[in-house]
6 protein chains.
Amino acid sequence: MTKRFDRGAEIIQELYGDFGSAFFEDLEEVAPDFGRFIVEFSYGDVFSRPGLDMRTREVAIIGALTALGTAERQLKAHILGAIKVGATRNEIVEAIMQVAVYAGFPAGFNALMVAKRAFEELDHNTDSRYADE
Amino acid sequence: MTKRFDRGAEIIQELYGDFGSAFFEDLEEVAPDFGRFIVEFSYGDVFSRPGLDMRTREVAIIGALTALGTAERQLKAHILGAIKVGATRNEIVEAIMQVAVYAGFPAGFNALMVAKRAFEELDHNTDSRYADE
Amino acid sequence: MTKRFDRGAEIIQELYGDFGSAFFEDLEEVAPDFGRFIVEFSYGDVFSRPGLDMRTREVAIIGALTALGTAERQLKAHILGAIKVGATRNEIVEAIMQVAVYAGFPAGFNALMVAKRAFEELDHNTDSRYADE
Amino acid sequence: MTKRFDRGAEIIQELYGDFGSAFFEDLEEVAPDFGRFIVEFSYGDVFSRPGLDMRTREVAIIGALTALGTAERQLKAHILGAIKVGATRNEIVEAIMQVAVYAGFPAGFNALMVAKRAFEELDHNTDSRYADE
Amino acid sequence: MTKRFDRGAEIIQELYGDFGSAFFEDLEEVAPDFGRFIVEFSYGDVFSRPGLDMRTREVAIIGALTALGTAERQLKAHILGAIKVGATRNEIVEAIMQVAVYAGFPAGFNALMVAKRAFEELDHNTDSRYADE
Amino acid sequence: MTKRFDRGAEIIQELYGDFGSAFFEDLEEVAPDFGRFIVEFSYGDVFSRPGLDMRTREVAIIGALTALGTAERQLKAHILGAIKVGATRNEIVEAIMQVAVYAGFPAGFNALMVAKRAFEELDHNTDSRYADE
């Protein structure tokens, strides 16, 4: 495995833990290389870059996924990741409400429902990586 | 005028200055109330909320507009606004590159071209509100 | 509560009744202010404006939501609302088919499936506000 | 030519006149059959259906094109068409503002700028088919 | 029935068999004419054109539906159709991964999950029209 | 430079020649690493994969970019690339018309206008890499 892979895998483990693993398991049979690209490129090449802190990266991603409206599973993962690197639940809700102005109220509403499910998952999760704000 | 309007107008003036005014002038003849909604609602009600700092709000908006790909004029304004409230040019470039992973390379490329034009405008602008990073 | 809120709440109650309430209940815990913005701004400021009749407003919204393809829950509510203010089921089907030309056959098909579910709900609903056409 | 073609061509001529012709001229060299499909299917099969009046059809289309944000040329044509079949300028502005709630403020703003250009074109057009409202 | 209808129906039967029929059954009650348009126009007029082979047509459609991200049911049908006219499972996975570069990783991931379900359906299907690659 | 970079750069030069270079020059000042990612990842990692021929890859990309409707510059490049690796002008027109069924007539029309400009560019280009079909 490459350094890019190792660097990406480390970030993914830190941010999403077992929740992240499910994405790769689902890809395992159908397109394992796509999983490798996520690790190497999305995280190893891009997310790990030094010029922007991880919390702000996750907010930019949450803004994008809220606007797209077609990636609820990914949005949930990034909401969990944002909390892991220091965003509070309230900041995530504010970011989504802010984006609703630009992407429309339904996009905002639907993203808030995803946030709600993510928060509920955290409340029933004993995984110490996700400390409540 | 309402308090909501005053609060929104103040933020818009602080963030975008004369650049923001052009949006309202363009609306003046065709739909002045839409301009008022932008001031009262988008800024007076939402952007001014205390739960998230203005720099992070602008990053979430930049993420959303990069993903939508249909709002270059607005994206340019928010890139200028982000710089005004403390984001560096490099942070904006990083946020757009990060979003490209989720919205595709063309969305990222096109947003970077908008950022390039915004930066060039800043370089030729003697308006002291926009200090180079 | 503001006049904007009262005006919006009255329209929402008239258009969607208990169906509309479910949206606000879902927001209650995670982002109650977003629910307030829907009432005050979406309905109190915009939908209640005199320049366009409510039936035509709902048709424009149905056109937009059909094209977006990411807001099935909202589309269903607006189909019910359109019927409440005088659109026939057939007119709604025609509007969606018309939009399919511009947004693609899948967008049209998916919106028709939402309309089908909305119509079935009406058929099993004894709420007198929804009279069959 | 088919009856479908004749029926579609008649509606297009009535709604858009020479403005509509430009679309077909642009297609003439690269894909004339696509122009034929627009006439036969979009207008001959769909737009001409009896179940919904032409003004409401144009409003649904304006709603969809405002939401898509990627079809400014088409949006301008349909704004002109809506006026031709009885919508007032003010009703079109209201419909776009209404859609902005669901598709975001930038989508609304950009569509209003298209409407502004369409209205200016009407003001400088002596073509009697477009009577000012 | 028209020649256009017969030509379209024949292709649909060849490509999707009973899987395709479900779309038309779902439309039967709410909008049977939309089903007729799919047969006559989408397949009878467009898909049946001689200038591009059916396998490449299905790849272009898979590219579009992957990018749109709002048509999973249709994407599944076209993945099955692509296999029916000669694309291998691996080629479909490659096409989706290729599109992910342009439409974003979530669009690619979600389309791969649809492909996975389509492949599983094929594995449990004794319908001889779908030979495993 | 990495092997991934060399492999990607070779493909880009083969497909787009000087036309491709313009993208990288535009990125040079604002985000050179994004240009590197395009070379290394989009082409070095993905496009160069053996499981799908280059002509079919370009068709899948053209399908996606036609559907997105927000990447005309990129669409033009990929139309030129598709021709370079064996697609005829007519096949590209057919692919776009096919996608219009799924992404809407405006998406199809706009992509055909891009194709028209690409073809005109080829007709005035003495670069022997682009042989007319």
# chains A, B, ... in the order shown; residues from 1 in each chain; ligands from 1
>>> residues_around(residues="range 97-113 of chain A", least_positions_apart="4", cutoff="6 Å", atoms="only C-alpha atoms", output="list in words")
Thr66, Ala67 and Gly69 of chain A; Ile61 of chain B; Val101, Tyr102, Ala103, Gly104 and Phe105 of chain D
>>> interface_residues(of="chain C", to="chain A", cutoff="9 Å", atoms="only C-alpha atoms", output="list in words")
Phe23, Asp26, Leu27, Glu29, Val30, Ala31, Phe34, Gly35, Ile38, Ser42, Leu65, Gly69, Thr70, Ala71, Arg73 and Gln74 of chain C
>>> residues_around(residues="Leu15 in chain C", least_positions_apart="4", cutoff="12 Å", atoms="only C-alpha atoms", output="list in words")
Gly8, Ala9, Glu10, Ile11, Phe19, Gly20, Ser21, Tyr43, Phe47, Ser48, Met54, Arg55, Glu58, Ala77, His78, Ile79, Leu80, Gly81, Ala82, Ile83, Lys84, Val85, Gly86, Arg129 and Tyr130 of chain C
>>> select_by_dssp(residues="range 8-133 of chain A", states="helix (DSSP H, G or I)", output="PyMOL selection string")
chain A and resi 8-28+32-47+54-68+72-84+89-103+105-123
>>> atom_distance(atom1="CA of Glu91 in chain F", atom2="CA of Asp123 in chain F")
17.3 Å
>>> closest_residue(among="C:Ala87, C:Lys76, C:Asp53, C:Gly63", to="Tyr16 in chain C", atoms="only C-alpha atoms")
C:Lys76
>>> residues_around(residues="Arg7 in chain F", least_positions_apart="5", cutoff="9 Å", atoms="only C-alpha atoms", output="PyMOL selection string")
chain F and resi 2+12+39-40+43-45+48
>>> write_last_selection(atoms="N, CA and C atoms", output="PDB file, in the first residue's frame")
ATOM      1  N   THR F   2       5.461  11.674 -10.617  1.00  0.00           N
ATOM      2  CA  THR F   2       5.089  10.275 -10.401  1.00  0.00           C
ATOM      3  C   THR F   2       4.765   9.581 -11.718  1.00  0.00           C
ATOM      4  N   ILE F  12      -3.725  12.860 -21.710  1.00  0.00           N
ATOM      5  CA  ILE F  12      -4.272  14.214 -21.934  1.00  0.00           C
ATOM      6  C   ILE F  12      -3.693  14.801 -23.215  1.00  0.00           C
ATOM      7  N   VAL F  39      -4.388  15.547 -13.649  1.00  0.00           N
ATOM      8  CA  VAL F  39      -3.466  14.685 -14.402  1.00  0.00           C
ATOM      9  C   VAL F  39      -3.303  13.324 -13.715  1.00  0.00           C
ATOM     10  N   GLU F  40      -2.942  13.379 -12.421  1.00  0.00           N
ATOM     11  CA  GLU F  40      -2.616  12.144 -11.689  1.00  0.00           C
ATOM     12  C   GLU F  40      -3.835  11.260 -11.442  1.00  0.00           C
ATOM     13  N   TYR F  43      -6.881  11.276 -14.923  1.00  0.00           N
ATOM     14  CA  TYR F  43      -6.366  10.549 -16.088  1.00  0.00           C
ATOM     15  C   TYR F  43      -5.402   9.426 -15.706  1.00  0.00           C
ATOM     16  N   GLY F  44      -4.456   9.715 -14.811  1.00  0.00           N
ATOM     17  CA  GLY F  44      -3.457   8.695 -14.454  1.00  0.00           C
ATOM     18  C   GLY F  44      -4.062   7.506 -13.718  1.00  0.00           C
ATOM     19  N   ASP F  45      -5.023   7.770 -12.831  1.00  0.00           N
ATOM     20  CA  ASP F  45      -5.649   6.683 -12.061  1.00  0.00           C
ATOM     21  C   ASP F  45      -6.888   6.108 -12.744  1.00  0.00           C
ATOM     22  N   SER F  48      -7.160   5.974 -17.465  1.00  0.00           N
ATOM     23  CA  SER F  48      -6.200   5.035 -18.056  1.00  0.00           C
ATOM     24  C   SER F  48      -6.480   3.574 -17.720  1.00  0.00           C
TER      25      SER F  48
END
>>> residues_around(residues="Thr56 in chain E", least_positions_apart="5", cutoff="8 Å", atoms="only C-alpha atoms", output="list in words")
Thr56, Val59 and Ala95 of chain F
>>> write_last_selection(atoms="N, CA and C atoms", output="tab-separated table (two decimals), in the first residue's frame")
chain	number	residue	atom	x	y	z
F	56	THR	N	-15.63	4.75	-25.26
F	56	THR	CA	-16.80	4.58	-24.38
F	56	THR	C	-16.67	5.43	-23.13
F	59	VAL	N	-17.81	8.81	-24.05
F	59	VAL	CA	-19.27	8.87	-24.20
F	59	VAL	C	-19.96	8.95	-22.82
F	95	ALA	N	-25.59	10.60	-29.05
F	95	ALA	CA	-25.46	10.38	-27.60
F	95	ALA	C	-26.10	11.53	-26.82
